[in-house]
Amino acid sequence: MPRSFGRPRIGELLVKAVSVSLIAGAVCVAQQPATAAKPATSANSPAASGTPQKIYVVLPFENAGAPAKLDWLSEGLEELTIERLTTAGEQVYSHAGRAAELERYGLPSGSAFSHATMLRIAEDLDADYVIYGKYAVKGAVLTLEMRILSMNPLSLRPAVQESGPVESLMDLHTRLLWRTLSSRDGRYALSLADFTKRQRPLRLDAFEQYSRGLQAADADAKLRQLHEAVRLAPDWPDANFALGEAYFAKKDYNAALAWFFKVPKTYDRYPEALFFSGVCRLQLNQADHAEEDFHNLQEALKSTIANGADAPEILNNLAIAQARQGKVATAQANLRRAADLAPGEDDYSFNLGLLALQSDDAAAAADYFRQAAEREPDSAQDRALLIRSLEKAEKNGEADQEREAAKEAFGPNGLPPIQLVDSSGQRNETLARLTRIKAELDLSGLRAEPADAPASTAAAAAAGDTPAARVRRGRQELSAGNMDAAEKEFRAALATEPDNAAAHRGLGEIERHQGKMDDAVKELQASLASRDSAEVRTILAKIYLEQKKTDLARAEAEKALKLAPNYAQAKQLLDHLQNSKAPAKKPGGGGA
């Protein structure tokens, strides 16, 4: 998704010289989770006054004549472009976010894209501009080429080229990107000198190690090369952050904390560092420090993102930290807010159920676990805790019916054993181990509009808003839990463009949130009629599963995987459907 806080997820570079290996440094500024958000609009933004900031998506560069050992520059130049756009104040998708989104639509993630595919990518990601290019090496001379595809109005700008010694890649790229941005409309706000001043000085050998570390498949090699990058450039926050992420991925939370601590507040990914630090603290059972980290994160977001403090992942983890300190009522309030903001997510209801059990309210726990099981029908753990809570609430008839339904869905031994009290008689510690901590932060949709953008929908419309801009605001309102405002934006987009797939999908999500499943199905089908999507088909399959329409759910999951064979959510759902029979009818009545 679009990059957050000017954070590049990304950028690295380069090539050293023929004598060393033409290593070509690195372009990747800190590889980021697939769940990145748009960067905040800052004083650095060159956006014209009164004009909503545009969104860029950058594609890998094509190797058009360089040695195979420089193939890594394909994504490297993509990452460097993303980093420098962000530093200049533009909104841009991260490499990881772009790749994840393309996977959902079954589109390729490599460097060979036709113009038709580029248009599809920009449309699916609601991007205004696509930047792509190629590179070649002849002797010791490197040639870079970059182009920009504009979506509104639709136009393909002429190619821009820069050539020079391989070791000058960084300077070549700076000039190339500035010239490309200037070619966009001839009125780019920054001079080449100002644009260059905003870019972080990058040491080539450190960038090489950093880039190779990010691209390394082996965890030990990744750490080794990132450590070398930090040795060469000790004050480089990208490398420090990347090391924190690498240790976090290995679940070495103490080591990860040490590197996240080195991330300065001025760094664009500082809020992410706070989030990951909080998660590390939870994993290390340092609840008081975790609570402080998540509170600090909320404060950091308030000035940058509209309703940033209400990101459900933050609320969930903050609640866990509070619950571990006995602040149960406050924790419950935060979890309820998280559940409201993410109606299709079972984890928040699940955690509410655990809190209810911790408070000896088995009946309430059963209600929460039932909600979780309905939201995620293929979760055996949700169903097991529902049954255990019903038994504890002495609703044995309902528990028996749920147990029979679970046998149909998961097989006779498909439910995990649930022990609410451990061998030492400690109940709450056992429940705490079951708590679901969110390890990824998704702030997409929560970013505020640029400060100088029209303040109201009416003013925005008067300013010539496009359907894409309305859909973006609709997503922001939806993420913030403002259903009425979100619906108005989606319907306004459809009034101008009746076949807008994103607007129909947004309305479908609202209908699902409100429990209007038949209406949700109609909207999602309308979205698919305009543009096929593995993600939308998977959402539709989940709704069918909630409606006990197993055959329809299976058909949609199969279509999703045919479209996007690597889409994990569709795979998981289809695996569940193929290994289970249709669930038995849910018992009626909750019993008092």
# chains A, B, ... in the order shown; residues from 1 in each chain; ligands from 1
call {"tool": "select_by_dssp", "arguments": {"residues": "region 82-323 of chain A", "states": "alpha helix (DSSP H)", "output": "ChimeraX atom specification"}}
result
/A:82-87,95-104,115-124,169-185,192-198,204-215,219-232,237-249,253-260,270-283,287-302,312-323
call {"tool": "closest_atom_pairs", "arguments": {"of": "region 131-248 of chain A", "to": "region 88-93 of chain A", "cutoff": "9 Å", "atoms": "only C-alpha atoms", "output": "JSON lines"}}
result
{"residue": "A:Leu190", "atom": "CA", "partner": "A:Ala88", "partner_atom": "CA", "distance": 8.7}
{"residue": "A:Phe195", "atom": "CA", "partner": "A:Ala88", "partner_atom": "CA", "distance": 6.7}
{"residue": "A:Arg198", "atom": "CA", "partner": "A:Ala88", "partner_atom": "CA", "distance": 6.4}
{"residue": "A:Gln199", "atom": "CA", "partner": "A:Ala88", "partner_atom": "CA", "distance": 7.6}
call {"tool": "write_last_selection", "arguments": {"atoms": "C-alpha atoms", "output": "PDB file, in the first residue's frame"}}
result
ATOM      1  CA  LEU A 190      11.069  21.853  -6.799  1.00  0.00           C
ATOM      2  CA  PHE A 195      15.077  18.239  -4.992  1.00  0.00           C
ATOM      3  CA  ARG A 198      16.088  16.758   0.178  1.00  0.00           C
ATOM      4  CA  GLN A 199      17.673  13.441  -0.678  1.00  0.00           C
TER       5      GLN A 199
END
call {"tool": "residues_around", "arguments": {"residues": "region 489-492 of chain A", "least_positions_apart": "6", "cutoff": "12 Å", "atoms": "only C-alpha atoms", "output": "JSON, numbers by chain"}}
result
{"A": [456, 457, 458, 460, 461, 465, 466, 467, 468, 469, 470, 471, 472, 473, 474, 475, 476, 477, 478, 482, 483, 498, 499, 500, 501, 502, 503, 504, 505, 506, 507, 508, 509, 510, 523]}
call {"tool": "select_by_dssp", "arguments": {"residues": "region 147-343 of chain A", "states": "strand (DSSP E or B)", "output": "PDB file with all heavy atoms, in the first residue's frame"}}
result
ATOM      1  N   ARG A 147      10.005   6.512 -17.471  1.00  0.00           N
ATOM      2  CA  ARG A 147       8.806   7.073 -18.105  1.00  0.00           C
ATOM      3  C   ARG A 147       7.713   7.191 -17.059  1.00  0.00           C
ATOM      4  O   ARG A 147       7.726   6.492 -16.038  1.00  0.00           O
ATOM      5  CB  ARG A 147       8.312   6.208 -19.265  1.00  0.00           C
ATOM      6  CG  ARG A 147       9.330   5.966 -20.334  1.00  0.00           C
ATOM      7  CD  ARG A 147       8.722   5.387 -21.599  1.00  0.00           C
ATOM      8  NE  ARG A 147       7.978   6.400 -22.346  1.00  0.00           N
ATOM      9  CZ  ARG A 147       7.553   6.230 -23.599  1.00  0.00           C
ATOM     10  NH1 ARG A 147       7.778   5.080 -24.222  1.00  0.00           N
ATOM     11  NH2 ARG A 147       6.895   7.176 -24.227  1.00  0.00           N
ATOM     12  N   ILE A 148       6.744   8.049 -17.353  1.00  0.00           N
ATOM     13  CA  ILE A 148       5.624   8.227 -16.442  1.00  0.00           C
ATOM     14  C   ILE A 148       4.321   8.110 -17.229  1.00  0.00           C
ATOM     15  O   ILE A 148       4.155   8.729 -18.289  1.00  0.00           O
ATOM     16  CB  ILE A 148       5.720   9.583 -15.698  1.00  0.00           C
ATOM     17  CG1 ILE A 148       4.633   9.701 -14.635  1.00  0.00           C
ATOM     18  CG2 ILE A 148       5.677  10.743 -16.669  1.00  0.00           C
ATOM     19  CD1 ILE A 148       4.861  10.863 -13.673  1.00  0.00           C
ATOM     20  N   LEU A 149       3.443   7.277 -16.732  1.00  0.00           N
ATOM     21  CA  LEU A 149       2.114   7.085 -17.315  1.00  0.00           C
ATOM     22  C   LEU A 149       1.109   7.806 -16.442  1.00  0.00           C
ATOM     23  O   LEU A 149       0.989   7.513 -15.253  1.00  0.00           O
ATOM     24  CB  LEU A 149       1.777   5.589 -17.389  1.00  0.00           C
ATOM     25  CG  LEU A 149       0.372   5.211 -17.833  1.00  0.00           C
ATOM     26  CD1 LEU A 149       0.130   5.618 -19.278  1.00  0.00           C
ATOM     27  CD2 LEU A 149       0.147   3.701 -17.669  1.00  0.00           C
ATOM     28  N   SER A 150       0.409   8.769 -17.004  1.00  0.00           N
ATOM     29  CA  SER A 150      -0.586   9.548 -16.263  1.00  0.00           C
ATOM     30  C   SER A 150      -1.968   8.968 -16.526  1.00  0.00           C
ATOM     31  O   SER A 150      -2.309   8.643 -17.660  1.00  0.00           O
ATOM     32  CB  SER A 150      -0.539  11.015 -16.705  1.00  0.00           C
ATOM     33  OG  SER A 150      -1.603  11.746 -16.118  1.00  0.00           O
ATOM     34  N   MET A 151      -2.756   8.857 -15.462  1.00  0.00           N
ATOM     35  CA  MET A 151      -4.086   8.272 -15.592  1.00  0.00           C
ATOM     36  C   MET A 151      -5.176   9.295 -15.890  1.00  0.00           C
ATOM     37  O   MET A 151      -6.194   8.973 -16.483  1.00  0.00           O
ATOM     38  CB  MET A 151      -4.433   7.511 -14.304  1.00  0.00           C
ATOM     39  CG  MET A 151      -3.556   6.307 -14.056  1.00  0.00           C
ATOM     40  SD  MET A 151      -3.717   5.048 -15.349  1.00  0.00           S
ATOM     41  CE  MET A 151      -5.397   4.473 -15.050  1.00  0.00           C
ATOM     42  N   LEU A 154      -5.392  10.556 -19.449  1.00  0.00           N
ATOM     43  CA  LEU A 154      -4.576   9.419 -19.825  1.00  0.00           C
ATOM     44  C   LEU A 154      -3.520   9.854 -20.841  1.00  0.00           C
ATOM     45  O   LEU A 154      -3.841  10.355 -21.919  1.00  0.00           O
ATOM     46  CB  LEU A 154      -5.457   8.315 -20.417  1.00  0.00           C
ATOM     47  CG  LEU A 154      -4.749   7.005 -20.764  1.00  0.00           C
ATOM     48  CD1 LEU A 154      -4.161   6.386 -19.516  1.00  0.00           C
ATOM     49  CD2 LEU A 154      -5.728   6.037 -21.422  1.00  0.00           C
ATOM     50  N   SER A 155      -2.256   9.674 -20.477  1.00  0.00           N
ATOM     51  CA  SER A 155      -1.182  10.045 -21.396  1.00  0.00           C
ATOM     52  C   SER A 155       0.101   9.331 -20.978  1.00  0.00           C
ATOM     53  O   SER A 155       0.300   9.013 -19.806  1.00  0.00           O
ATOM     54  CB  SER A 155      -0.949  11.558 -21.386  1.00  0.00           C
ATOM     55  OG  SER A 155      -0.529  12.005 -20.111  1.00  0.00           O
ATOM     56  N   LEU A 156       0.976   9.085 -21.934  1.00  0.00           N
ATOM     57  CA  LEU A 156       2.276   8.469 -21.695  1.00  0.00           C
ATOM     58  C   LEU A 156       3.342   9.500 -22.031  1.00  0.00           C
ATOM     59  O   LEU A 156       3.485   9.918 -23.180  1.00  0.00           O
ATOM     60  CB  LEU A 156       2.458   7.221 -22.559  1.00  0.00           C
ATOM     61  CG  LEU A 156       3.786   6.465 -22.404  1.00  0.00           C
ATOM     62  CD1 LEU A 156       3.954   5.962 -20.983  1.00  0.00           C
ATOM     63  CD2 LEU A 156       3.851   5.305 -23.396  1.00  0.00           C
ATOM     64  N   VAL A 160      12.720   9.619 -20.556  1.00  0.00           N
ATOM     65  CA  VAL A 160      13.810  10.485 -20.133  1.00  0.00           C
ATOM     66  C   VAL A 160      15.023   9.599 -19.868  1.00  0.00           C
ATOM     67  O   VAL A 160      14.884   8.536 -19.241  1.00  0.00           O
ATOM     68  CB  VAL A 160      13.430  11.283 -18.864  1.00  0.00           C
ATOM     69  CG1 VAL A 160      14.574  12.195 -18.451  1.00  0.00           C
ATOM     70  CG2 VAL A 160      12.157  12.082 -19.094  1.00  0.00           C
ATOM     71  N   GLN A 161      16.214  10.014 -20.321  1.00  0.00           N
ATOM     72  CA  GLN A 161      17.410   9.190 -20.161  1.00  0.00           C
ATOM     73  C   GLN A 161      18.535   9.965 -19.500  1.00  0.00           C
ATOM     74  O   GLN A 161      18.635  11.183 -19.640  1.00  0.00           O
ATOM     75  CB  GLN A 161      17.900   8.680 -21.523  1.00  0.00           C
ATOM     76  CG  GLN A 161      17.114   7.522 -22.100  1.00  0.00           C
ATOM     77  CD  GLN A 161      17.810   6.903 -23.308  1.00  0.00           C
ATOM     78  OE1 GLN A 161      18.807   7.428 -23.805  1.00  0.00           O
ATOM     79  NE2 GLN A 161      17.292   5.775 -23.773  1.00  0.00           N
ATOM     80  N   GLU A 162      19.365   9.238 -18.775  1.00  0.00           N
ATOM     81  CA  GLU A 162      20.607   9.761 -18.218  1.00  0.00           C
ATOM     82  C   GLU A 162      21.669   8.679 -18.362  1.00  0.00           C
ATOM     83  O   GLU A 162      21.391   7.492 -18.133  1.00  0.00           O
ATOM     84  CB  GLU A 162      20.458  10.132 -16.746  1.00  0.00           C
ATOM     85  CG  GLU A 162      19.649  11.383 -16.478  1.00  0.00           C
ATOM     86  CD  GLU A 162      20.428  12.661 -16.769  1.00  0.00           C
ATOM     87  OE1 GLU A 162      21.677  12.581 -16.874  1.00  0.00           O
ATOM     88  OE2 GLU A 162      19.793  13.721 -16.881  1.00  0.00           O
ATOM     89  N   SER A 163      22.884   9.068 -18.721  1.00  0.00           N
ATOM     90  CA  SER A 163      23.986   8.116 -18.855  1.00  0.00           C
ATOM     91  C   SER A 163      25.219   8.649 -18.152  1.00  0.00           C
ATOM     92  O   SER A 163      25.412   9.871 -18.047  1.00  0.00           O
ATOM     93  CB  SER A 163      24.316   7.866 -20.335  1.00  0.00           C
ATOM     94  OG  SER A 163      23.239   7.248 -21.004  1.00  0.00           O
ATOM     95  N   GLY A 164      26.066   7.740 -17.691  1.00  0.00           N
ATOM     96  CA  GLY A 164      27.297   8.137 -17.028  1.00  0.00           C
ATOM     97  C   GLY A 164      28.003   6.915 -16.477  1.00  0.00           C
ATOM     98  O   GLY A 164      27.547   5.778 -16.654  1.00  0.00           O
ATOM     99  N   PRO A 165      29.112   7.120 -15.787  1.00  0.00           N
ATOM    100  CA  PRO A 165      29.842   5.986 -15.193  1.00  0.00           C
ATOM    101  C   PRO A 165      28.948   5.198 -14.248  1.00  0.00           C
ATOM    102  O   PRO A 165      28.091   5.767 -13.566  1.00  0.00           O
ATOM    103  CB  PRO A 165      30.989   6.669 -14.442  1.00  0.00           C
ATOM    104  CG  PRO A 165      31.143   8.004 -15.106  1.00  0.00           C
ATOM    105  CD  PRO A 165      29.771   8.403 -15.528  1.00  0.00           C
ATOM    106  N   ILE A 305      -2.207  11.619  10.886  1.00  0.00           N
ATOM    107  CA  ILE A 305      -3.230  10.803  10.245  1.00  0.00           C
ATOM    108  C   ILE A 305      -4.581  11.061  10.877  1.00  0.00           C
ATOM    109  O   ILE A 305      -4.723  11.055  12.096  1.00  0.00           O
ATOM    110  CB  ILE A 305      -2.905   9.298  10.378  1.00  0.00           C
ATOM    111  CG1 ILE A 305      -1.593   8.986   9.687  1.00  0.00           C
ATOM    112  CG2 ILE A 305      -4.015   8.456   9.815  1.00  0.00           C
ATOM    113  CD1 ILE A 305      -1.192   7.558   9.783  1.00  0.00           C
TER     114      ILE A 305
END
call {"tool": "closest_atom_pairs", "arguments": {"of": "region 261-369 of chain A", "to": "region 398-411 of chain A", "cutoff": "12 Å", "atoms": "only C-alpha atoms", "output": "tab-separated table"}}
result
residue	atom	partner	partner_atom	distance
A:Ala363	CA	A:Glu398	CA	11.7
A:Ala366	CA	A:Ala399	CA	9.8
A:Asp367	CA	A:Glu398	CA	12.0
A:Phe369	CA	A:Glu402	CA	11.8
call {"tool": "write_last_selection", "arguments": {"atoms": "N, CA, C and O atoms", "output": "CSV table (one decimal), in the first residue's frame"}}
result
chain,number,residue,atom,x,y,z
A,363,ALA,N,-21.1,-16.4,29.8
A,363,ALA,CA,-22.1,-16.1,28.9
A,363,ALA,C,-21.7,-15.1,27.9
A,363,ALA,O,-21.9,-15.2,26.6
A,366,ALA,N,-19.2,-16.5,25.5
A,366,ALA,CA,-19.8,-17.3,24.5
A,366,ALA,C,-20.3,-16.4,23.3
A,366,ALA,O,-20.1,-16.8,22.1
A,367,ASP,N,-20.9,-15.3,23.7
A,367,ASP,CA,-21.4,-14.4,22.6
A,367,ASP,C,-20.2,-13.9,21.8
A,367,ASP,O,-20.3,-13.8,20.5
A,369,PHE,N,-17.2,-15.3,21.3
A,369,PHE,CA,-16.6,-16.4,20.5
A,369,PHE,C,-17.5,-16.8,19.4
A,369,PHE,O,-17.1,-17.2,18.3
call {"tool": "atom_distance", "arguments": {"atom1": "CA of Ala560 (chain A)", "atom2": "CA of Ala534 (chain A)"}}
result
4.1 Å
call {"tool": "atom_distance", "arguments": {"atom1": "CA of Gly481 (chain A)", "atom2": "CA of Leu341 (chain A)"}}
result
5.1 Å
call {"tool": "residues_around", "arguments": {"residues": "Asp551 (chain A)", "least_positions_apart": "5", "cutoff": "9 Å", "atoms": "only C-alpha atoms", "output": "NGL selection string"}}
result
:A and (544-545 or 556 or 577 or 582)
call {"tool": "write_last_selection", "arguments": {"atoms": "all heavy atoms", "output": "PDB file, in the first residue's frame"}}
result
ATOM      1  N   TYR A 544     -20.718 -16.067   1.716  1.00  0.00           N
ATOM      2  CA  TYR A 544     -21.495 -17.273   1.399  1.00  0.00           C
ATOM      3  C   TYR A 544     -21.318 -18.328   2.493  1.00  0.00           C
ATOM      4  O   TYR A 544     -22.274 -19.023   2.863  1.00  0.00           O
ATOM      5  CB  TYR A 544     -21.043 -17.847   0.057  1.00  0.00           C
ATOM      6  CG  TYR A 544     -21.576 -17.107  -1.149  1.00  0.00           C
ATOM      7  CD1 TYR A 544     -20.794 -16.938  -2.293  1.00  0.00           C
ATOM      8  CD2 TYR A 544     -22.865 -16.577  -1.170  1.00  0.00           C
ATOM      9  CE1 TYR A 544     -21.272 -16.271  -3.409  1.00  0.00           C
ATOM     10  CE2 TYR A 544     -23.363 -15.910  -2.284  1.00  0.00           C
ATOM     11  CZ  TYR A 544     -22.555 -15.758  -3.399  1.00  0.00           C
ATOM     12  OH  TYR A 544     -23.027 -15.106  -4.501  1.00  0.00           O
ATOM     13  N   LEU A 545     -20.108 -18.438   3.023  1.00  0.00           N
ATOM     14  CA  LEU A 545     -19.876 -19.413   4.079  1.00  0.00           C
ATOM     15  C   LEU A 545     -20.656 -19.044   5.333  1.00  0.00           C
ATOM     16  O   LEU A 545     -21.225 -19.908   6.005  1.00  0.00           O
ATOM     17  CB  LEU A 545     -18.377 -19.496   4.384  1.00  0.00           C
ATOM     18  CG  LEU A 545     -17.920 -20.650   5.276  1.00  0.00           C
ATOM     19  CD1 LEU A 545     -18.346 -21.994   4.701  1.00  0.00           C
ATOM     20  CD2 LEU A 545     -16.409 -20.603   5.454  1.00  0.00           C
ATOM     21  N   GLU A 556     -16.523 -19.629  -5.433  1.00  0.00           N
ATOM     22  CA  GLU A 556     -15.842 -18.325  -5.449  1.00  0.00           C
ATOM     23  C   GLU A 556     -14.376 -18.462  -5.047  1.00  0.00           C
ATOM     24  O   GLU A 556     -13.504 -17.808  -5.614  1.00  0.00           O
ATOM     25  CB  GLU A 556     -16.552 -17.337  -4.520  1.00  0.00           C
ATOM     26  CG  GLU A 556     -17.917 -16.893  -5.000  1.00  0.00           C
ATOM     27  CD  GLU A 556     -17.863 -16.159  -6.326  1.00  0.00           C
ATOM     28  OE1 GLU A 556     -16.812 -15.586  -6.664  1.00  0.00           O
ATOM     29  OE2 GLU A 556     -18.878 -16.165  -7.046  1.00  0.00           O
ATOM     30  N   LEU A 577     -12.636 -25.473   3.008  1.00  0.00           N
ATOM     31  CA  LEU A 577     -13.868 -25.937   2.347  1.00  0.00           C
ATOM     32  C   LEU A 577     -13.693 -27.335   1.759  1.00  0.00           C
ATOM     33  O   LEU A 577     -14.625 -28.143   1.773  1.00  0.00           O
ATOM     34  CB  LEU A 577     -14.256 -24.955   1.247  1.00  0.00           C
ATOM     35  CG  LEU A 577     -14.807 -23.611   1.731  1.00  0.00           C
ATOM     36  CD1 LEU A 577     -14.820 -22.592   0.599  1.00  0.00           C
ATOM     37  CD2 LEU A 577     -16.200 -23.784   2.307  1.00  0.00           C
ATOM     38  N   ALA A 582     -20.369 -29.125   4.820  1.00  0.00           N
ATOM     39  CA  ALA A 582     -21.096 -27.917   5.181  1.00  0.00           C
ATOM     40  C   ALA A 582     -21.397 -27.935   6.664  1.00  0.00           C
ATOM     41  O   ALA A 582     -21.870 -28.938   7.198  1.00  0.00           O
ATOM     42  CB  ALA A 582     -22.407 -27.843   4.390  1.00  0.00           C
TER      43      ALA A 582
END
call {"tool": "residues_around", "arguments": {"residues": "Asp378 (chain A)", "least_positions_apart": "4", "cutoff": "10 Å", "atoms": "only C-alpha atoms", "output": "ChimeraX atom specification"}}
result
/A:373-374,382-383,406,409-410,542,545,572-577,580,583
call {"tool": "atom_distance", "arguments": {"atom1": "CA of His95 (chain A)", "atom2": "CA of Asn566 (chain A)"}}
result
17.2 Å
call {"tool": "closest_residue", "arguments": {"among": "A:Ser74, A:Gln419, A:Gln514, A:Thr81", "to": "Ala136 (chain A)", "atoms": "only C-alpha atoms"}}
result
A:Ser74
call {"tool": "closest_residue", "arguments": {"among": "A:Ala372, A:Met517, A:Ala393, A:Ala364", "to": "Tyr348 (chain A)", "atoms": "only C-alpha atoms"}}
result
A:Ala372
call {"tool": "decode", "arguments": {"residues": "region 208-283 of chain A", "atoms": "C-alpha atoms", "output": "compact mmCIF listing (two decimals), in the first residue's frame"}}
result
# COMPACT_ATOMS: atom_id res chain seq x y z
CA GLU A 208 25.13 -2.41 -1.61
CA GLN A 209 25.20 -4.42 1.62
CA TYR A 210 21.82 -3.05 2.64
CA SER A 211 20.25 -3.94 -0.69
CA ARG A 212 21.70 -7.41 -0.77
CA GLY A 213 20.61 -7.91 2.82
CA LEU A 214 17.02 -7.00 2.01
CA GLN A 215 16.97 -9.33 -0.95
CA ALA A 216 18.69 -12.23 0.83
CA ALA A 217 16.48 -15.28 1.23
CA ASP A 218 18.64 -16.75 3.99
CA ALA A 219 17.98 -15.15 7.40
CA ASP A 220 21.61 -15.37 8.55
CA ALA A 221 22.88 -13.83 5.31
CA LYS A 222 20.33 -11.06 5.67
CA LEU A 223 21.54 -10.23 9.16
CA ARG A 224 25.18 -10.44 8.16
CA GLN A 225 24.81 -8.00 5.28
CA LEU A 226 22.57 -5.61 7.17
CA HIS A 227 25.08 -5.53 10.03
CA GLU A 228 27.77 -4.67 7.50
CA ALA A 229 25.60 -1.85 6.15
CA VAL A 230 25.22 -0.47 9.68
CA ARG A 231 28.97 -0.76 10.27
CA LEU A 232 29.62 1.28 7.14
CA ALA A 233 26.86 3.81 7.88
CA PRO A 234 26.15 3.76 11.65
CA ASP A 235 23.69 6.66 11.61
CA TRP A 236 21.64 5.43 8.68
CA PRO A 237 18.11 4.87 10.07
CA ASP A 238 16.98 2.69 7.16
CA ALA A 239 19.59 0.06 7.95
CA ASN A 240 18.88 0.21 11.69
CA PHE A 241 15.17 -0.22 11.04
CA ALA A 242 15.78 -3.09 8.62
CA LEU A 243 17.88 -4.88 11.23
CA GLY A 244 15.06 -4.46 13.73
CA GLU A 245 12.66 -5.99 11.23
CA ALA A 246 15.04 -8.86 10.50
CA TYR A 247 15.39 -9.77 14.17
CA PHE A 248 11.64 -9.30 14.64
CA ALA A 249 11.02 -11.84 11.86
CA LYS A 250 13.28 -14.30 13.72
CA LYS A 251 11.32 -13.62 16.93
CA ASP A 252 14.47 -12.39 18.65
CA TYR A 253 12.55 -9.61 20.35
CA ASN A 254 15.33 -8.35 22.60
CA ALA A 255 17.65 -7.85 19.64
CA ALA A 256 14.85 -6.28 17.60
CA LEU A 257 14.16 -3.76 20.38
CA ALA A 258 17.80 -2.72 20.47
CA TRP A 259 17.67 -1.72 16.80
CA PHE A 260 14.22 -0.12 16.92
CA PHE A 261 15.51 2.05 19.79
CA LYS A 262 18.07 3.50 17.37
CA VAL A 263 15.37 4.81 15.04
CA PRO A 264 15.12 8.60 15.55
CA LYS A 265 11.81 10.40 15.92
CA THR A 266 12.57 12.35 12.77
CA TYR A 267 12.69 9.17 10.68
CA ASP A 268 9.69 8.62 8.46
CA ARG A 269 9.20 5.06 9.76
CA TYR A 270 9.44 6.01 13.42
CA PRO A 271 5.73 5.22 14.06
CA GLU A 272 6.30 1.71 12.71
CA ALA A 273 9.32 1.33 14.97
CA LEU A 274 7.09 2.28 17.92
CA PHE A 275 4.49 -0.27 16.87
CA PHE A 276 7.02 -3.08 16.52
CA SER A 277 8.65 -2.08 19.81
CA GLY A 278 5.28 -2.38 21.51
CA VAL A 279 4.76 -5.83 20.00
CA CYS A 280 8.23 -6.87 21.21
CA ARG A 281 7.33 -5.64 24.69
CA LEU A 282 4.14 -7.71 24.66
CA GLN A 283 6.03 -10.80 23.54
